[in-house]
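Colleague: Sharing a structure below in structure tokens format, with a few things to ask.
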Amino acid sequence: DVITRFLRSQSWDVNYVRNITDIDDKIINRANENGEEYTTLTKRFIDYMHEDETRLGIARPDIEPRATGFIDGLIDMNNALIEKGHAYAASNGDVYYRVTSFKDYGKLTNKNVDELLAGARIEVDEIKEDPRDFVLWKAAKEGDPSWQSPWGNGRPGWHIECSAMSKKCCGDTFDIHGGGPDLPFPHHENEIAQSEAANGCKYVNYWMHAGAVRVDGEKMSKSLGNFFTIRDVLEKYHPEVVRFLLVSSHYRSPINYAEDNLIEARAGLERFYGALRGYNDVAPLAFSGMQESAYYKAFVEAMNDDFNTRVALAGMYDLVRDLNNAKNEPELASNLVGQLKAFGLILGILQADPIKFLQDGSDEEVKEVQDLIDERAQAKLEKNYARADEIRKFLAVRGVELEDSKSGDTVWRKEQVLVDIPYGSDERFNEEYKGYKWRTTFTNTVSSIYLSSCFEVFKDKELLHSSKLIKMGEKDTFEEIHIRTRVLAQDWIDKSI
RNA sequence: GGCGCGAUAGCAAAGCGGUUAUGCUCUGGAUUGCAAAUCCAGCUAGUCCGGUUCGACUCCGGAUCGCGCCUCCA
């Protein structure tokens, strides 16, 4: 999504194609289990996917081909491969690709065809000429969805559909082919073998493989029990926070999904939205009018360097600093905001109402908080600072942070929940130092590889201080963290006496 | 075993053969009735062992650790 947005912003004519595999063993099995048509099942999941994408602000591709819509092209391709000796129809109605016939096989992933045999774990199939051969067309089992073909009723093989779809949608050669880190072998290797053998020309100019999303440092998988959906995440975090996390690292780097990283992503966004408050009427500037801007040059340079979104963000932070310094120069500030929003548009962030983003609360809460703010303003006018502070503290404990601006207005924002108390209730320590009581809470959240700790200092049950989140590396021991937190707590008490 | 990727400060994450990455956190200052936000300044780096070089986090070699792929999932 970000790559497409950026390329288009630089006047590239982009044809963005993303295919859907809507027929395979898993789909057939699940549809049979559910007692429904496989098309009903795939439609439901495709609809879900589109809903999730919409929430994340992901633009739809220009074409979203489905495998079952390209059966004819796929059969043509198989025919071409058979004619050229790169494929053969087996006795049972399957069609296989003859791997040894393609001399470049393995060029993408640096595989040696001879060594592949040694590593083959599958049982030797009597039907294939060679265990390395892969299926292009699979004969249908009784009752399964199938299509007619020169080799009898069947359905597409597992790799050919991508070659067939891309040929129709992108042509014999196209520029960029993306995919996940698990795809280069065998899938993309097989696509190359199919398309280059059938079409007689180069398949793809640039391969882009993304880094894996990891959970607690491991691959997400059902067997590991660390599997969850984007919907689960969006229940807890604003979609923009998720996007921000993703653009915070290079697309090729693995990215670790951890609560701490989401919290940090939110903190970064708060800095941007804090600066954007009050500029709702400023629209993103067009890149065409920004050619001379140093921020624009930095942004484009970063993005032109293999879509280095992290470096692009660094430049945007520079802009934010300059924007915060330019609050007394409305014209300049407005221009900077326009630029910042323009960059945000490419990354798919910063287009929301800052106040809404920062307050992140229900309408009832907004009213409740505003009433207290009004009461506090009155107290301040009457120089009743005790009451004013009481209200501030009351709200602070509930995660509402007040900011008095110079003009006298008070704005507020919702503080992140720094610590999920329920975890680690058996890992709390109540200690005493110089007459102050302080409590340490440790957390080791389910999806975090990091221990976190925070401390709260009390005097006669009154909360005096609540620490910020202290994050610890995975190598730190529990004992070390405990000592470190104690030092911080005692340090605070020493200073406050 | 084969192929490939990685190891950077308290945390996250980039570039770069010599010169500030950046963000979060933390510390000091300015500001504030007190705060917050903001600004200014600062503290923490480059897994280990060799080599190349005037100079290496950056290049080369090795070790260690971590991760991915090697499946008729696509």
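How things are named: the first chain in the structure tokens is A, the next is B, and so on; residues count from 1 in each chain; ligands count from 1 in the order shown.
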May I ask you to extract the residues of chain B within 12 Å of chain A, using only C-alpha atoms (C1' of nucleotides), and to give them as a PyMOL selection string?
Modeller: chain B and resi 1-6+9-15+21-26+31-40+66-74
Colleague: Using only C-alpha atoms (C1' of nucleotides), which protein or nucleic acid residues come within 12 Å of U52 of chain B? Drop anything in the same chain fewer than 4 positions from it, and give the result as a PyMOL selection string.
Modeller: chain B and resi 17+56+59-61
Colleague: For the selection you just gave me, I'd like the residues written to a file as a JSON list (two decimals), in the first residue's frame, keeping N, CA and C atoms (P, O5', C5', C4', C3', O3' and C1' of nucleotides).
Modeller:
[["chain", "number", "residue", "atom", "x", "y", "z"],
["B", 17, "G", "P", 30.24, 4.39, 3.57],
["B", 17, "G", "O5'", 31.10, 4.23, 4.90],
["B", 17, "G", "C5'", 32.38, 3.69, 4.82],
["B", 17, "G", "C4'", 33.16, 4.16, 6.03],
["B", 17, "G", "C3'", 33.81, 5.53, 5.85],
["B", 17, "G", "O3'", 33.93, 6.20, 7.10],
["B", 17, "G", "C1'", 35.46, 3.93, 6.21],
["B", 56, "A", "P", 40.53, 1.43, 13.22],
["B", 56, "A", "O5'", 39.16, 1.73, 12.48],
["B", 56, "A", "C5'", 38.09, 2.46, 13.12],
["B", 56, "A", "C4'", 36.78, 1.73, 12.88],
["B", 56, "A", "C3'", 36.80, 0.34, 13.49],
["B", 56, "A", "O3'", 36.19, 0.25, 14.78],
["B", 56, "A", "C1'", 36.17, 0.27, 11.15],
["B", 59, "C", "P", 29.95, -3.51, 6.14],
["B", 59, "C", "O5'", 31.35, -3.70, 5.40],
["B", 59, "C", "C5'", 31.53, -3.22, 4.07],
["B", 59, "C", "C4'", 32.87, -3.68, 3.55],
["B", 59, "C", "C3'", 33.22, -5.12, 3.89],
["B", 59, "C", "O3'", 32.65, -6.02, 2.96],
["B", 59, "C", "C1'", 35.05, -3.74, 4.43],
["B", 60, "C", "P", 32.22, -7.46, 3.43],
["B", 60, "C", "O5'", 33.61, -8.20, 3.59],
["B", 60, "C", "C5'", 34.45, -8.43, 2.47],
["B", 60, "C", "C4'", 35.68, -9.18, 2.90],
["B", 60, "C", "C3'", 35.43, -10.40, 3.77],
["B", 60, "C", "O3'", 35.08, -11.53, 3.01],
["B", 60, "C", "C1'", 37.14, -9.10, 4.74],
["B", 61, "G", "P", 34.12, -12.64, 3.67],
["B", 61, "G", "O5'", 35.10, -13.34, 4.70],
["B", 61, "G", "C5'", 36.20, -14.10, 4.23],
["B", 61, "G", "C4'", 36.99, -14.63, 5.39],
["B", 61, "G", "C3'", 36.18, -15.38, 6.45],
["B", 61, "G", "O3'", 35.88, -16.71, 6.06],
["B", 61, "G", "C1'", 37.66, -13.89, 7.51]]
Colleague: Taking the DSSP assignment computed from this structure's backbone, write out as number ranges by chain all residues of segment 118-289 of chain A that belong to alpha helix (DSSP H).
Modeller: A: 118-119, 160-170, 189-199, 230-236, 239-247, 259-276
Colleague: Compile the contact shell of Ile346 of chain A as a PyMOL selection string: residues with an atom at most 8 Å away, counting only C-alpha atoms (C1' of nucleotides), same-chain residues fewer than 6 positions apart removed.
Modeller: chain A and resi 2+5-6+9
Colleague: Just asking: which residues within segment 12-177 of chain A are strand (DSSP E) according to DSSP, as a ChimeraX atom specification?
Modeller: /A:87-89,95-97,134-139,154-156,174-177
Colleague: Report as an MDAnalysis selection string all protein, DNA and RNA residues lying within 8 Å of segment 48-50 of chain B, evaluated on only C-alpha atoms (C1' of nucleotides), omitting residues in the same chain fewer than 5 positions from it.
Modeller: chainID B and resid 61:64
